[in-house]
file coords.txt (compact mmCIF, C-alpha atoms)
# COMPACT_ATOMS: atom_id res chain seq x y z
CA MET A 1 0.00 0.00 0.00
CA THR A 2 1.28 3.45 -0.81
CA GLY A 3 1.77 5.86 2.05
CA TYR A 4 3.68 8.83 3.41
CA GLY A 5 4.60 10.04 6.87
CA SER A 6 7.08 12.43 8.43
CA ALA A 7 8.22 13.64 11.83
CA LYS A 8 10.78 16.05 13.24
CA GLY A 9 12.82 16.15 16.41
CA SER A 10 16.14 17.04 17.96
CA VAL A 11 19.02 14.59 18.26
CA GLU A 12 22.22 15.63 20.00
CA GLY A 13 21.77 19.28 19.06
CA GLN A 14 20.73 18.58 15.46
CA GLU A 15 17.30 19.08 13.95
CA ILE A 16 16.26 15.75 12.42
CA THR A 17 13.53 15.11 9.84
CA VAL A 18 12.41 11.55 9.10
CA GLU A 19 10.27 10.87 6.02
CA LEU A 20 8.71 7.55 4.99
CA LYS A 21 7.37 6.72 1.54
CA SER A 22 6.11 3.36 0.35
CA VAL A 23 4.86 1.53 -2.71
CA ASN A 24 3.28 -1.90 -3.05
CA ASN A 25 5.32 -4.99 -2.33
CA ARG A 26 4.45 -8.50 -1.17
CA TYR A 27 6.94 -8.33 1.69
CA LEU A 28 8.62 -5.61 3.76
CA ASP A 29 11.58 -4.12 1.94
CA CYS A 30 12.97 -1.17 3.88
CA SER A 31 15.81 1.04 2.66
CA VAL A 32 17.23 3.89 4.75
CA ARG A 33 19.20 6.97 3.72
CA LEU A 34 21.05 8.63 6.59
CA PRO A 35 23.50 11.52 7.01
CA ARG A 36 27.06 10.26 7.27
CA ASN A 37 27.36 10.92 11.00
CA PHE A 38 24.20 8.86 11.66
CA LEU A 39 25.06 5.79 9.58
CA PHE A 40 25.51 3.78 12.77
CA ALA A 41 21.74 4.04 13.40
CA GLU A 42 20.53 2.31 10.20
CA ASP A 43 19.48 -0.90 11.97
CA THR A 44 17.73 1.12 14.67
CA VAL A 45 15.65 2.97 12.08
CA LYS A 46 14.78 -0.25 10.25
CA GLN A 47 13.68 -1.82 13.52
CA ALA A 48 11.43 1.16 14.28
CA VAL A 49 9.86 0.84 10.82
CA SER A 50 9.34 -2.94 11.00
CA THR A 51 7.59 -2.54 14.36
CA GLY A 52 4.76 -0.63 12.69
CA VAL A 53 4.92 -1.82 9.07
CA SER A 54 4.88 -5.42 7.84
CA ARG A 55 4.48 -5.07 4.08
CA GLY A 56 5.54 -2.74 1.27
CA LYS A 57 8.69 -1.25 -0.21
CA VAL A 58 9.44 1.52 2.28
CA ASP A 59 12.02 4.24 1.67
CA VAL A 60 13.16 6.18 4.72
CA PHE A 61 14.92 9.53 4.32
CA VAL A 62 16.66 11.08 7.33
CA SER A 63 18.03 14.61 7.08
CA ALA A 64 19.94 16.56 9.75
CA GLN A 65 20.53 20.26 10.21
CA ALA A 66 22.82 21.65 12.89
CA SER A 67 21.10 23.89 15.42
CA GLN A 68 22.66 26.68 17.47
CA ASP A 69 23.37 24.34 20.36
CA SER A 70 24.81 21.60 18.18
CA GLY A 71 28.14 21.77 20.01
CA THR A 72 30.11 22.80 16.91
CA VAL A 73 32.90 25.25 17.80
CA VAL A 74 35.05 27.22 15.35
CA SER A 75 38.41 28.29 16.84
CA VAL A 76 40.93 30.82 15.54
CA ASN A 77 44.64 30.16 15.86
CA GLU A 78 45.57 33.82 16.34
CA GLU A 79 49.27 33.21 16.71
CA LEU A 80 49.41 31.28 13.45
CA ALA A 81 47.31 33.95 11.72
CA ARG A 82 49.77 36.66 12.82
CA GLY A 83 52.61 34.56 11.51
CA TYR A 84 50.93 34.25 8.10
CA ARG A 85 50.20 38.00 8.07
CA ASP A 86 53.78 38.94 8.88
CA ALA A 87 55.17 36.47 6.36
CA VAL A 88 52.94 37.82 3.61
CA ALA A 89 53.93 41.39 4.54
CA ARG A 90 57.63 40.52 4.29
CA ILE A 91 57.09 38.94 0.88
CA GLY A 92 55.38 42.14 -0.27
CA GLU A 93 58.22 44.33 1.01
CA THR A 94 60.91 42.12 -0.46
CA LEU A 95 59.35 41.84 -3.90
CA GLY A 96 57.63 45.21 -3.99
CA LEU A 97 54.16 43.71 -4.21
CA GLU A 98 50.81 44.65 -2.77
CA SER A 99 49.79 41.90 -0.39
CA GLY A 100 46.03 42.39 -0.82
CA LEU A 101 45.58 40.42 2.37
CA ASN A 102 42.26 40.59 4.22
CA ALA A 103 40.62 38.60 6.98
CA PHE A 104 38.81 36.28 4.59
CA SER A 105 41.91 35.36 2.60
CA LEU A 106 43.92 34.97 5.81
CA ALA A 107 41.29 32.58 7.21
CA ARG A 108 41.84 30.31 4.20
CA PHE A 109 45.42 29.56 5.17
CA PRO A 110 45.92 26.06 6.62
CA ASP A 111 45.00 25.59 10.28
CA VAL A 112 44.03 29.22 10.90
CA LEU A 113 40.48 28.06 11.55
CA THR A 114 39.67 24.74 13.18
CA VAL A 115 36.20 23.23 13.55
CA GLU A 116 35.53 21.04 16.53
CA ARG A 117 32.37 18.94 16.65
CA ARG A 118 31.00 17.40 19.78
CA GLU A 119 31.22 13.63 19.66
CA LEU A 120 27.79 12.02 19.30
CA ASP A 121 26.56 9.82 22.09
CA LYS A 122 25.54 6.99 19.78
CA ASP A 123 23.21 5.28 22.23
CA LYS A 124 21.28 8.47 22.99
CA ALA A 125 21.26 9.49 19.33
CA ALA A 126 19.95 6.08 18.23
CA ALA A 127 17.21 6.13 20.87
CA ALA A 128 16.09 9.64 19.91
CA LEU A 129 16.16 8.78 16.21
CA SER A 130 14.09 5.66 16.88
CA GLU A 131 11.48 7.78 18.66
CA ILE A 132 11.25 10.26 15.78
CA THR A 133 10.98 7.39 13.30
CA ALA A 134 8.16 5.85 15.35
CA LYS A 135 6.23 9.14 15.13
CA ALA A 136 6.74 9.20 11.36
CA VAL A 137 5.47 5.61 11.20
CA GLU A 138 2.33 6.64 13.12
CA GLU A 139 1.54 9.35 10.57
CA PHE A 140 2.42 6.94 7.78
CA ASN A 141 0.01 4.31 9.12
CA ALA A 142 -2.75 6.86 9.67
CA MET A 143 -2.63 7.71 5.97
CA ARG A 144 -2.61 4.03 5.04
CA GLU A 145 -5.58 3.33 7.31
CA ARG A 146 -7.62 5.94 5.46
CA GLU A 147 -6.68 4.37 2.16
CA GLY A 148 -7.33 0.91 3.63
CA GLU A 149 -10.90 1.83 4.51
CA ARG A 150 -11.53 2.84 0.90
CA LEU A 151 -10.05 -0.45 -0.27
CA ARG A 152 -12.19 -2.39 2.21
CA ARG A 153 -15.40 -0.85 0.86
CA ASP A 154 -14.27 -1.48 -2.70
CA MET A 155 -13.50 -5.16 -2.06
CA LEU A 156 -16.78 -5.68 -0.20
CA GLY A 157 -18.55 -4.42 -3.31
CA LYS A 158 -16.59 -6.83 -5.48
CA LEU A 159 -17.46 -9.72 -3.14
CA GLU A 160 -21.15 -8.91 -3.58
CA THR A 161 -20.67 -9.00 -7.35
CA ILE A 162 -18.92 -12.38 -7.09
CA GLU A 163 -21.72 -13.75 -4.92
CA GLY A 164 -24.26 -12.61 -7.48
CA LEU A 165 -22.36 -14.42 -10.24
CA VAL A 166 -22.13 -17.57 -8.11
CA SER A 167 -25.91 -17.43 -7.68
CA VAL A 168 -26.32 -17.27 -11.45
CA VAL A 169 -24.08 -20.35 -11.81
CA GLU A 170 -26.10 -22.21 -9.17
CA GLU A 171 -29.38 -21.36 -10.88
CA ARG A 172 -28.21 -22.04 -14.40
CA SER A 173 -26.25 -25.26 -13.84
CA PRO A 174 -29.30 -27.57 -13.27
CA GLN A 175 -30.94 -26.10 -16.36
CA THR A 176 -28.01 -27.20 -18.51
CA VAL A 177 -28.62 -30.83 -17.44
CA LYS A 178 -32.30 -30.59 -18.32
CA GLU A 179 -31.50 -29.02 -21.68
CA TYR A 180 -28.86 -31.68 -22.37
CA ARG A 181 -31.41 -34.44 -21.72
CA GLU A 182 -33.93 -32.79 -24.03
CA ARG A 183 -31.32 -32.46 -26.79
CA LEU A 184 -30.23 -36.06 -26.28
CA GLU A 185 -33.80 -37.36 -26.54
CA ALA A 186 -34.42 -35.30 -29.67
CA ARG A 187 -31.28 -36.62 -31.37
CA LEU A 188 -32.05 -40.21 -30.45
CA ARG A 189 -35.59 -39.92 -31.81
CA ASP A 190 -34.21 -38.60 -35.08
CA ILE A 191 -31.73 -41.45 -35.27
CA LEU A 192 -34.07 -44.24 -34.16
CA ALA A 193 -37.02 -42.99 -36.22
CA ASP A 194 -39.84 -45.52 -35.66
CA ARG A 195 -37.99 -47.62 -33.14
CA SER A 196 -38.73 -47.19 -29.46
CA LEU A 197 -36.53 -44.95 -27.33
CA ASP A 198 -34.59 -46.56 -24.48
CA GLU A 199 -35.64 -44.22 -21.68
CA GLN A 200 -33.27 -45.85 -19.20
CA ARG A 201 -30.31 -45.16 -21.47
CA VAL A 202 -31.32 -41.52 -21.74
CA ILE A 203 -31.57 -41.26 -17.95
CA THR A 204 -28.14 -42.87 -17.56
CA GLU A 205 -26.50 -40.53 -20.07
CA ALA A 206 -28.14 -37.52 -18.46
CA ALA A 207 -26.92 -38.66 -15.03
CA ILE A 208 -23.36 -39.05 -16.34
CA PHE A 209 -23.53 -35.57 -17.85
CA ALA A 210 -24.96 -34.12 -14.62
CA ASP A 211 -22.16 -35.68 -12.59
CA ARG A 212 -19.52 -34.40 -15.00
CA THR A 213 -20.87 -30.84 -14.99
CA ALA A 214 -22.01 -30.56 -11.36
CA VAL A 215 -20.53 -27.49 -9.66
CA ASP A 216 -22.30 -27.73 -6.30
CA GLU A 217 -19.13 -28.47 -4.37
CA GLU A 218 -17.23 -25.66 -6.04
CA THR A 219 -19.92 -23.04 -5.42
CA VAL A 220 -20.28 -24.11 -1.77
CA ARG A 221 -16.52 -23.79 -1.24
CA LEU A 222 -16.46 -20.48 -3.08
CA ARG A 223 -19.18 -19.09 -0.83
CA SER A 224 -17.22 -20.31 2.18
CA HIS A 225 -14.11 -18.52 0.93
CA ILE A 226 -16.13 -15.34 0.41
CA ALA A 227 -17.39 -15.52 4.00
CA GLN A 228 -13.82 -15.98 5.25
CA PHE A 229 -12.66 -13.04 3.17
CA ARG A 230 -15.34 -10.82 4.69
CA THR A 231 -14.27 -11.86 8.18
CA MET A 232 -10.66 -11.00 7.37
CA LEU A 233 -11.67 -7.54 6.18
CA GLU A 234 -12.91 -6.80 9.70
CA GLU A 235 -9.67 -7.88 11.39
CA GLY A 236 -7.23 -5.29 12.65
CA SER A 237 -4.05 -7.32 12.19
CA PRO A 238 -2.06 -7.64 8.93
CA ILE A 239 -4.02 -9.97 6.63
CA GLY A 240 -2.56 -9.40 3.18
CA ARG A 241 -0.76 -12.73 2.89
CA LYS A 242 -3.76 -14.69 4.17
CA MET A 243 -5.93 -12.95 1.61
CA ASP A 244 -3.41 -13.75 -1.12
CA PHE A 245 -3.80 -17.43 -0.33
CA LEU A 246 -7.59 -17.20 -0.14
CA VAL A 247 -7.82 -15.50 -3.53
CA GLN A 248 -5.78 -18.36 -4.97
CA GLU A 249 -8.57 -20.62 -3.73
CA PHE A 250 -11.12 -18.31 -5.38
CA ASN A 251 -9.29 -18.82 -8.65
CA ARG A 252 -9.03 -22.57 -8.17
CA GLU A 253 -12.78 -22.95 -7.70
CA SER A 254 -13.66 -20.62 -10.58
CA ASN A 255 -11.28 -22.50 -12.89
CA THR A 256 -12.91 -25.79 -11.94
CA ILE A 257 -16.35 -24.33 -12.60
CA GLY A 258 -15.12 -23.10 -15.97
CA SER A 259 -13.71 -26.51 -16.90
CA LYS A 260 -17.07 -28.14 -16.15
CA CYS A 261 -19.03 -25.53 -18.03
CA SER A 262 -20.61 -26.69 -21.30
CA ASP A 263 -23.05 -23.84 -21.74
CA ALA A 264 -22.20 -20.59 -23.55
CA SER A 265 -24.14 -18.38 -21.16
CA LEU A 266 -22.46 -20.02 -18.17
CA ALA A 267 -19.07 -19.60 -19.81
CA LYS A 268 -19.67 -15.85 -19.97
CA VAL A 269 -20.63 -15.79 -16.29
CA VAL A 270 -17.42 -17.63 -15.41
CA VAL A 271 -15.37 -15.09 -17.38
CA ASP A 272 -17.03 -12.28 -15.42
CA LEU A 273 -16.39 -14.19 -12.20
CA LYS A 274 -12.69 -14.55 -12.96
CA SER A 275 -12.51 -10.88 -13.89
CA GLU A 276 -13.86 -9.79 -10.50
CA ILE A 277 -11.50 -12.16 -8.68
CA GLU A 278 -8.57 -10.72 -10.61
CA LYS A 279 -9.61 -7.20 -9.58
CA ILE A 280 -9.51 -8.26 -5.94
CA ARG A 281 -6.13 -9.92 -6.44
CA GLU A 282 -4.73 -6.67 -7.83
CA GLN A 283 -6.16 -4.69 -4.93
CA LEU A 284 -4.51 -7.05 -2.47
CA GLN A 285 -1.14 -5.65 -3.51
CA ASN A 286 -2.25 -2.61 -1.48
CA VAL A 287 -3.19 -4.57 1.63
CA GLU A 288 -0.76 -5.15 4.47
call {"tool": "encode", "arguments": {"input": "coords.txt", "output": "structure tokens"}}
result
Amino acid sequence: MTGYGSAKGSVEGQEITVELKSVNNRYLDCSVRLPRNFLFAEDTVKQAVSTGVSRGKVDVFVSAQASQDSGTVVSVNEELARGYRDAVARIGETLGLESGLNAFSLARFPDVLTVERRELDKDKAAAALSEITAKAVEEFNAMREREGERLRRDMLGKLETIEGLVSVVEERSPQTVKEYRERLEARLRDILADRSLDEQRVITEAAIFADRTAVDEETVRLRSHIAQFRTMLEEGSPIGRKMDFLVQEFNRESNTIGSKCSDASLAKVVVDLKSEIEKIREQLQNVE
């Protein structure tokens, strides 16, 4: 299921932003991009994500911006700067050149300025980053829950359509046996002409045909699967993989019905049935 969430917080004097984006995937595939000084926390971030997300390709982006109390100190080596200044002045006097020296150019000389950064407490930083990530996951899941509710209503509608098609199959299937018997009797009368018709043979052939084309077991199982699917839609836990399996059973039963179908009108119903099942299967890519 697609989703987005973000959260901000402070970690060791740095302003941190965590963003999560996801696209459909059968399993959880989490990738994390971190600033260089936070690379040690990659596993911590992944753990925070996996606690709240179980499915999808999730990309996590962590950005850091130093705040005023980040502990970064810039020091000036005044003695070294004076040495550079005097040396440049002597070069100018000796060679008769204008030095053109100013504070900015002097600061560019090696070791005039030194930057000291406070060492990160990795344990504290990882814990704080985990907390920010958890907040981003909450927002991420809130968005996915809203989308999930829309998907739930959509799939319930498709289940009703499937049930309607199953009802058509159940009503039409016995009629095909009756029509087959009538066609068989008509053909035999044409062939036998004046000779008497073996009614028992007709009954036997019709019974064989009925057994070969009976779909009662398949429709009963299909209705059972539909009921299970509805129950799953009301569960709060991750159900995507269970539904994947159940839809495979939907397909199995519909394929069996199709293989037993000898009537053109029923064949069309089976095609529509498979189409609705396929729509649900595609939607399941969005379900955790």
call {"tool": "atom_distance", "arguments": {"input": "coords.txt", "atom1": "CA of Glu19 in chain A", "atom2": "CA of Phe140 in chain A"}}
result
9.0 Å
call {"tool": "closest_residue", "arguments": {"input": "coords.txt", "among": "A:Lys46, A:Arg55, A:Lys274, A:Lys158", "to": "Gly3 in chain A", "atoms": "only C-alpha atoms"}}
result
A:Arg55
call {"tool": "atom_distance", "arguments": {"input": "coords.txt", "atom1": "CA of Lys57 in chain A", "atom2": "CA of Asn37 in chain A"}}
result
24.9 Å
call {"tool": "atom_distance", "arguments": {"input": "coords.txt", "atom1": "CA of Val287 in chain A", "atom2": "CA of Gly258 in chain A"}}
result
28.2 Å
call {"tool": "residues_around", "arguments": {"input": "coords.txt", "residues": "Asn102 in chain A", "least_positions_apart": "6", "cutoff": "12 Å", "atoms": "all atoms listed in the file", "output": "VMD selection string"}}
result
chain A and resid 81 84 to 85 88 to 89 108 to 109
call {"tool": "closest_residue", "arguments": {"input": "coords.txt", "among": "A:Ser259, A:Ser63, A:Thr219, A:Ser275", "to": "Thr161 in chain A", "atoms": "all atoms listed in the file"}}
result
A:Ser275
call {"tool": "closest_residue", "arguments": {"input": "coords.txt", "among": "A:Phe38, A:Arg252, A:Asp123, A:Thr94", "to": "Glu218 in chain A", "atoms": "all atoms listed in the file"}}
result
A:Arg252
call {"tool": "closest_residue", "arguments": {"input": "coords.txt", "among": "A:Val137, A:Val112, A:Leu28, A:Ala128", "to": "Tyr4 in chain A", "atoms": "only C-alpha atoms"}}
result
A:Val137
call {"tool": "residues_around", "arguments": {"input": "coords.txt", "residues": "range 239-242 of chain A", "least_positions_apart": "2", "cutoff": "10 Å", "atoms": "all atoms listed in the file", "output": "list in words"}}
result
Arg26, Tyr27, Ser54, Arg55, Phe229, Met232, Leu233, Glu234, Glu235, Gly236, Ser237, Asp244, Phe245, Leu246, Val247, Leu284, Gln285, Asn286, Val287 and Glu288 of chain A
call {"tool": "write_last_selection", "arguments": {"input": "coords.txt", "atoms": "C-alpha atoms", "output": "short mmCIF file (atom, residue, chain, number, x, y, z; two decimals), in the coordinates of the input"}}
result
data_model
loop_
_atom_site.label_atom_id
_atom_site.label_comp_id
_atom_site.auth_asym_id
_atom_site.auth_seq_id
_atom_site.Cartn_x
_atom_site.Cartn_y
_atom_site.Cartn_z
CA ARG A 26 4.45 -8.50 -1.17
CA TYR A 27 6.94 -8.33 1.69
CA SER A 54 4.88 -5.42 7.84
CA ARG A 55 4.48 -5.07 4.08
CA PHE A 229 -12.66 -13.04 3.17
CA MET A 232 -10.66 -11.00 7.37
CA LEU A 233 -11.67 -7.54 6.18
CA GLU A 234 -12.91 -6.80 9.70
CA GLU A 235 -9.67 -7.88 11.39
CA GLY A 236 -7.23 -5.29 12.65
CA SER A 237 -4.05 -7.32 12.19
CA ASP A 244 -3.41 -13.75 -1.12
CA PHE A 245 -3.80 -17.43 -0.33
CA LEU A 246 -7.59 -17.20 -0.14
CA VAL A 247 -7.82 -15.50 -3.53
CA LEU A 284 -4.51 -7.05 -2.47
CA GLN A 285 -1.14 -5.65 -3.51
CA ASN A 286 -2.25 -2.61 -1.48
CA VAL A 287 -3.19 -4.57 1.63
CA GLU A 288 -0.76 -5.15 4.47
#
call {"tool": "closest_residue", "arguments": {"input": "coords.txt", "among": "A:Ile280, A:Ala41, A:Val166, A:Ala7", "to": "Asp121 in chain A", "atoms": "all atoms listed in the file"}}
result
A:Ala41
call {"tool": "closest_residue", "arguments": {"input": "coords.txt", "among": "A:Ala134, A:Met243, A:Ala142, A:Cys261", "to": "Ile226 in chain A", "atoms": "all atoms listed in the file"}}
result
A:Met243
call {"tool": "residues_around", "arguments": {"input": "coords.txt", "residues": "Glu253 in chain A", "least_positions_apart": "2", "cutoff": "8 Å", "atoms": "only C-alpha atoms", "output": "count of residues only"}}
result
10
call {"tool": "residues_near_point", "arguments": {"input": "coords.txt", "point": "(10.8, 6.6, 20.0)", "cutoff": "12 Å", "atoms": "all atoms listed in the file", "output": "mmCIF file with C-alpha atoms, in the frame of the given file"}}
result
data_model
loop_
_atom_site.group_PDB
_atom_site.id
_atom_site.type_symbol
_atom_site.label_atom_id
_atom_site.label_comp_id
_atom_site.auth_asym_id
_atom_site.auth_seq_id
_atom_site.Cartn_x
_atom_site.Cartn_y
_atom_site.Cartn_z
ATOM 1 C CA ALA A 7 8.220 13.640 11.830
ATOM 2 C CA LYS A 8 10.780 16.050 13.240
ATOM 3 C CA GLY A 9 12.820 16.150 16.410
ATOM 4 C CA SER A 10 16.140 17.040 17.960
ATOM 5 C CA VAL A 11 19.020 14.590 18.260
ATOM 6 C CA THR A 44 17.730 1.120 14.670
ATOM 7 C CA VAL A 45 15.650 2.970 12.080
ATOM 8 C CA GLN A 47 13.680 -1.820 13.520
ATOM 9 C CA ALA A 48 11.430 1.160 14.280
ATOM 10 C CA VAL A 49 9.860 0.840 10.820
ATOM 11 C CA THR A 51 7.590 -2.540 14.360
ATOM 12 C CA GLY A 52 4.760 -0.630 12.690
ATOM 13 C CA LYS A 124 21.280 8.470 22.990
ATOM 14 C CA ALA A 125 21.260 9.490 19.330
ATOM 15 C CA ALA A 126 19.950 6.080 18.230
ATOM 16 C CA ALA A 127 17.210 6.130 20.870
ATOM 17 C CA ALA A 128 16.090 9.640 19.910
ATOM 18 C CA LEU A 129 16.160 8.780 16.210
ATOM 19 C CA SER A 130 14.090 5.660 16.880
ATOM 20 C CA GLU A 131 11.480 7.780 18.660
ATOM 21 C CA ILE A 132 11.250 10.260 15.780
ATOM 22 C CA THR A 133 10.980 7.390 13.300
ATOM 23 C CA ALA A 134 8.160 5.850 15.350
ATOM 24 C CA LYS A 135 6.230 9.140 15.130
ATOM 25 C CA ALA A 136 6.740 9.200 11.360
ATOM 26 C CA VAL A 137 5.470 5.610 11.200
ATOM 27 C CA GLU A 138 2.330 6.640 13.120
#
call {"tool": "residues_around", "arguments": {"input": "coords.txt", "residues": "Ser31 in chain A", "least_positions_apart": "2", "cutoff": "7 Å", "atoms": "only C-alpha atoms", "output": "list in words"}}
result
Asp29, Arg33, Val58, Asp59 and Val60 of chain A
call {"tool": "build_atoms", "arguments": {"input": "coords.txt", "residues": "range 220-236 of chain A", "atoms": "N, CA and C atoms", "output": "PDB file, in the frame of the given file"}}
result
ATOM      1  N   VAL A 220     -20.215 -24.104  -3.242  1.00  0.00           N
ATOM      2  CA  VAL A 220     -20.280 -24.110  -1.770  1.00  0.00           C
ATOM      3  C   VAL A 220     -18.941 -23.648  -1.190  1.00  0.00           C
ATOM      4  N   ARG A 221     -17.848 -24.198  -1.737  1.00  0.00           N
ATOM      5  CA  ARG A 221     -16.520 -23.790  -1.240  1.00  0.00           C
ATOM      6  C   ARG A 221     -16.251 -22.323  -1.534  1.00  0.00           C
ATOM      7  N   LEU A 222     -16.678 -21.882  -2.711  1.00  0.00           N
ATOM      8  CA  LEU A 222     -16.460 -20.480  -3.080  1.00  0.00           C
ATOM      9  C   LEU A 222     -17.210 -19.548  -2.134  1.00  0.00           C
ATOM     10  N   ARG A 223     -18.426 -19.906  -1.793  1.00  0.00           N
ATOM     11  CA  ARG A 223     -19.180 -19.090  -0.830  1.00  0.00           C
ATOM     12  C   ARG A 223     -18.506 -19.092   0.542  1.00  0.00           C
ATOM     13  N   SER A 224     -17.942 -20.234   0.910  1.00  0.00           N
ATOM     14  CA  SER A 224     -17.220 -20.310   2.180  1.00  0.00           C
ATOM     15  C   SER A 224     -16.002 -19.395   2.170  1.00  0.00           C
ATOM     16  N   HIS A 225     -15.278 -19.393   1.051  1.00  0.00           N
ATOM     17  CA  HIS A 225     -14.110 -18.520   0.930  1.00  0.00           C
ATOM     18  C   HIS A 225     -14.517 -17.045   0.998  1.00  0.00           C
ATOM     19  N   ILE A 226     -15.644 -16.724   0.383  1.00  0.00           N
ATOM     20  CA  ILE A 226     -16.130 -15.340   0.410  1.00  0.00           C
ATOM     21  C   ILE A 226     -16.445 -14.917   1.845  1.00  0.00           C
ATOM     22  N   ALA A 227     -17.075 -15.818   2.598  1.00  0.00           N
ATOM     23  CA  ALA A 227     -17.390 -15.520   4.000  1.00  0.00           C
ATOM     24  C   ALA A 227     -16.111 -15.306   4.807  1.00  0.00           C
ATOM     25  N   GLN A 228     -15.102 -16.139   4.565  1.00  0.00           N
ATOM     26  CA  GLN A 228     -13.820 -15.980   5.250  1.00  0.00           C
ATOM     27  C   GLN A 228     -13.170 -14.646   4.899  1.00  0.00           C
ATOM     28  N   PHE A 229     -13.264 -14.296   3.636  1.00  0.00           N
ATOM     29  CA  PHE A 229     -12.660 -13.040   3.170  1.00  0.00           C
ATOM     30  C   PHE A 229     -13.313 -11.853   3.874  1.00  0.00           C
ATOM     31  N   ARG A 230     -14.628 -11.904   3.999  1.00  0.00           N
ATOM     32  CA  ARG A 230     -15.340 -10.820   4.690  1.00  0.00           C
ATOM     33  C   ARG A 230     -14.884 -10.709   6.146  1.00  0.00           C
ATOM     34  N   THR A 231     -14.722 -11.857   6.783  1.00  0.00           N
ATOM     35  CA  THR A 231     -14.270 -11.860   8.180  1.00  0.00           C
ATOM     36  C   THR A 231     -12.888 -11.225   8.293  1.00  0.00           C
ATOM     37  N   MET A 232     -12.011 -11.560   7.357  1.00  0.00           N
ATOM     38  CA  MET A 232     -10.660 -11.000   7.370  1.00  0.00           C
ATOM     39  C   MET A 232     -10.673  -9.485   7.216  1.00  0.00           C
ATOM     40  N   LEU A 233     -11.607  -8.988   6.418  1.00  0.00           N
ATOM     41  CA  LEU A 233     -11.670  -7.540   6.180  1.00  0.00           C
ATOM     42  C   LEU A 233     -12.008  -6.773   7.463  1.00  0.00           C
ATOM     43  N   GLU A 234     -12.560  -7.460   8.444  1.00  0.00           N
ATOM     44  CA  GLU A 234     -12.910  -6.800   9.700  1.00  0.00           C
ATOM     45  C   GLU A 234     -11.802  -6.931  10.746  1.00  0.00           C
ATOM     46  N   GLU A 235     -10.758  -7.702  10.437  1.00  0.00           N
ATOM     47  CA  GLU A 235      -9.670  -7.880  11.390  1.00  0.00           C
ATOM     48  C   GLU A 235      -8.760  -6.664  11.398  1.00  0.00           C
ATOM     49  N   GLY A 236      -8.125  -6.434  12.541  1.00  0.00           N
ATOM     50  CA  GLY A 236      -7.230  -5.290  12.650  1.00  0.00           C
ATOM     51  C   GLY A 236      -5.774  -5.623  12.384  1.00  0.00           C
TER      52      GLY A 236
END
